[in-house]
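*Asks:* Mind looking over this structure? Questions follow.
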Amino acid sequence: MEKVRHLLNDCNSKESNTQNCSFKRASRPFYKAFLAVALLVALPAMFTSCDDDPWYDDDDWGWNDDYYNNGGYYNNDDDNGSTLLDEADVLSGEWDGTMTYTNGDDGQQSQFYANMTFVRNNSNAIKGTGTEIDYTLDSNNQVANQQTLKFNWYIDESTGDIHIKYLTGNGLAFVMDLNASQHGFHLSKDNNGTGSFYGYMIGTNTKDMIYINLTSVQNTDAKKFLPTRAAATQQHSFGMGAQAPSFNAVKGLDGRR
């Protein structure tokens with residue numbers, strides 16, 4: 001591309017050879033067309049964002065073992081620290097609803113009920129452990145099949161994204177993007193423990209994707225949101241939301257046993 005610009009600029013000098021410049025001037029329309037086509041090809045890449053693509057393949061989005069093992073505690077009392085701790089407050093506890101698992105290799109989808117419990121390491125932690133129980137119901141509304149999965153989780157202190165890594169199977173890891181509006185999430189809970197949690201879990205070491213639609217379970221005081229930094233009537237909400245997908249899922253569990 002630099003050689004093209006050099007050839008065109010040479011024709012503007014008084015010392016340039018007339019015959020050569022005639023050829024170069026005749027070539028200008030070709031090069032201009034070439035540059036225009038190159039720009040058009042580049043434009044989609046320039047304006048494409050992670051929010052438009054449900055499959056993340058950027059290593060920066062991946063699970064960080066060092067952060068989980070050696071970080072994940074926030075003791076500062078600044079606005080960002082309070083927000084992160086509030087997000088962990090809201091996330092912790094038990095959630096129940098539906099989950100749709102999409103296999104990134106063949107596009108096959110499985111839909112089932114899911115119960116997820118997030119436990120914090122302590123009151124200053126923005127990380128912890130969790131248990132997920134996936135299940136299906138028979139015609140009598142009884143549990144027909146189920147699987148139990150253990151996971152670790154943390155909130156990225158720089159972005160507020162929620163990272164989840166399963167401890168069974170192949171150690172699949174997922175991220176929930178706080179700032180995405182199409183493939184992001186919504187997390188909210190009031191001081192009575194009533195809350196909703198829906199959105200996308202995007203695979204970071206897999207092409208798989210999960211969509212959850214959960215509500216908070218208020219069966220014990222230990223699983224209620226007990227605020228320590230907010231007014232008694234305040235409701236906390238996190239995430240930009242998510243566009244509800246249309247699924248063609250088969251009822252049944254996925255293969256993450």
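Labels used: A, B, ... for chains in the order of the structure tokens, numbers from 1 for residues in each chain, and numbers from 1 for ligands as shown.
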Hey, what does DSSP flag as strand (DSSP E) within segment 82-252 of chain A? Can you give it to me as a JSON list (two decimals) with C-alpha atoms, in the first residue's frame?
*Replies:*
[["chain", "number", "residue", "atom", "x", "y", "z"],
["A", 93, "GLY", "CA", -27.73, -17.38, 47.69],
["A", 94, "GLU", "CA", -29.97, -19.84, 45.91],
["A", 95, "TRP", "CA", -31.53, -19.39, 42.47],
["A", 96, "ASP", "CA", -33.97, -21.65, 40.65],
["A", 97, "GLY", "CA", -35.46, -21.66, 37.16],
["A", 98, "THR", "CA", -34.59, -22.87, 33.68],
["A", 99, "MET", "CA", -31.34, -23.32, 31.80],
["A", 100, "THR", "CA", -30.75, -23.82, 28.08],
["A", 101, "TYR", "CA", -27.41, -25.29, 27.10],
["A", 102, "THR", "CA", -26.16, -24.82, 23.52],
["A", 109, "GLN", "CA", -29.71, -27.32, 22.55],
["A", 110, "SER", "CA", -30.85, -28.94, 25.78],
["A", 111, "GLN", "CA", -33.35, -27.30, 28.12],
["A", 112, "PHE", "CA", -33.97, -28.27, 31.73],
["A", 113, "TYR", "CA", -34.59, -26.90, 35.20],
["A", 114, "ALA", "CA", -31.62, -25.66, 37.19],
["A", 115, "ASN", "CA", -30.93, -24.73, 40.80],
["A", 116, "MET", "CA", -27.75, -22.71, 41.40],
["A", 117, "THR", "CA", -26.38, -21.77, 44.83],
["A", 118, "PHE", "CA", -23.55, -19.23, 45.16],
["A", 119, "VAL", "CA", -21.59, -19.14, 48.43],
["A", 120, "ARG", "CA", -19.10, -16.37, 49.25],
["A", 127, "LYS", "CA", -15.52, -14.94, 44.91],
["A", 128, "GLY", "CA", -16.62, -18.29, 46.25],
["A", 129, "THR", "CA", -17.94, -21.76, 45.49],
["A", 130, "GLY", "CA", -21.22, -23.06, 44.17],
["A", 131, "THR", "CA", -23.45, -26.01, 43.45],
["A", 132, "GLU", "CA", -25.68, -26.48, 40.42],
["A", 133, "ILE", "CA", -28.41, -29.12, 40.34],
["A", 134, "ASP", "CA", -29.93, -29.70, 36.91],
["A", 135, "TYR", "CA", -33.15, -31.71, 36.70],
["A", 136, "THR", "CA", -36.09, -32.66, 34.53],
["A", 137, "LEU", "CA", -39.67, -33.43, 35.59],
["A", 143, "VAL", "CA", -37.93, -35.33, 39.31],
["A", 144, "ALA", "CA", -37.18, -37.73, 36.47],
["A", 145, "ASN", "CA", -33.45, -37.15, 36.05],
["A", 146, "GLN", "CA", -30.83, -34.91, 37.61],
["A", 147, "GLN", "CA", -27.14, -34.09, 37.74],
["A", 148, "THR", "CA", -25.12, -32.18, 40.34],
["A", 149, "LEU", "CA", -22.19, -29.96, 39.34],
["A", 150, "LYS", "CA", -19.74, -28.08, 41.54],
["A", 151, "PHE", "CA", -18.21, -24.79, 40.44],
["A", 152, "ASN", "CA", -16.04, -21.88, 41.53],
["A", 153, "TRP", "CA", -16.93, -18.28, 40.78],
["A", 154, "TYR", "CA", -15.53, -14.77, 41.08],
["A", 155, "ILE", "CA", -16.39, -11.22, 40.05],
["A", 162, "ILE", "CA", -19.05, -12.86, 36.65],
["A", 163, "HIS", "CA", -16.76, -15.82, 35.92],
["A", 164, "ILE", "CA", -17.84, -19.42, 36.57],
["A", 165, "LYS", "CA", -15.67, -22.53, 36.26],
["A", 166, "TYR", "CA", -17.10, -26.02, 36.65],
["A", 173, "ALA", "CA", -15.36, -21.96, 32.10],
["A", 174, "PHE", "CA", -17.89, -19.22, 31.30],
["A", 175, "VAL", "CA", -18.18, -15.47, 31.68],
["A", 176, "MET", "CA", -21.24, -13.25, 32.15],
["A", 185, "PHE", "CA", -27.08, -10.49, 31.99],
["A", 186, "HIS", "CA", -29.44, -8.93, 34.53],
["A", 187, "LEU", "CA", -29.01, -9.53, 38.26],
["A", 188, "SER", "CA", -31.22, -7.91, 40.87],
["A", 189, "LYS", "CA", -32.50, -8.52, 44.38],
["A", 195, "GLY", "CA", -34.71, -11.24, 42.84],
["A", 196, "SER", "CA", -34.15, -12.27, 39.23],
["A", 197, "PHE", "CA", -31.08, -13.49, 37.43],
["A", 198, "TYR", "CA", -31.13, -14.05, 33.68],
["A", 199, "GLY", "CA", -28.75, -13.83, 30.75],
["A", 200, "TYR", "CA", -25.90, -15.54, 28.95],
["A", 201, "MET", "CA", -22.97, -17.56, 30.21],
["A", 202, "ILE", "CA", -20.45, -17.38, 27.36],
["A", 203, "GLY", "CA", -17.83, -20.12, 27.09],
["A", 209, "MET", "CA", -23.15, -21.17, 25.61],
["A", 210, "ILE", "CA", -25.71, -21.23, 28.43],
["A", 211, "TYR", "CA", -28.81, -19.11, 28.89],
["A", 212, "ILE", "CA", -30.29, -18.95, 32.40],
["A", 213, "ASN", "CA", -33.60, -17.57, 33.63],
["A", 214, "LEU", "CA", -33.67, -17.83, 37.41],
["A", 215, "THR", "CA", -35.47, -16.33, 40.40],
["A", 216, "SER", "CA", -34.20, -16.18, 43.96],
["A", 236, "HIS", "CA", -29.65, -3.52, 43.76],
["A", 237, "SER", "CA", -29.48, -4.22, 40.06],
["A", 238, "PHE", "CA", -26.49, -5.14, 37.88],
["A", 250, "VAL", "CA", -34.81, -30.70, 23.34],
["A", 251, "LYS", "CA", -36.03, -31.32, 26.87]]
*Asks:* For Glu157 of chain A, please output as an MDAnalysis selection string all residues within 9 Å (counting only C-alpha atoms; exclusion window: fewer than 2 positions along the same chain).
*Replies:* chainID A and resid 72 74 80:81 84 126 154:155 159:161
*Asks:* Any idea what the distance is between atom CA of Gln243 of chain A and atom CA of Ala180 of chain A?
*Replies:*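 Computed distance, atom CA of Gln243 of chain A to atom CA of Ala180 of chain A, equals 10.1 Å.
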*Asks:* Could you write out, as a list in words, all the residues of segment 59-183 of chain A that DSSP marks as alpha helix (DSSP H)?
*Replies:* Asp65, Asp66, Tyr67, Tyr68, Asn69, Asn70, Asp79, Asn80, Gly81, Ser82, Thr83, Leu84, Leu85, Asp86, Glu87, Ala88, Asp89, Val90 and Leu91 of chain A
*Asks:* Please compute the atom CA of Gly171 of chain A-atom CA of Asn103 of chain A distance, one decimal, in Å.
*Replies:*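 Atom CA of Gly171 of chain A sits 15.2 Å away from atom CA of Asn103 of chain A.
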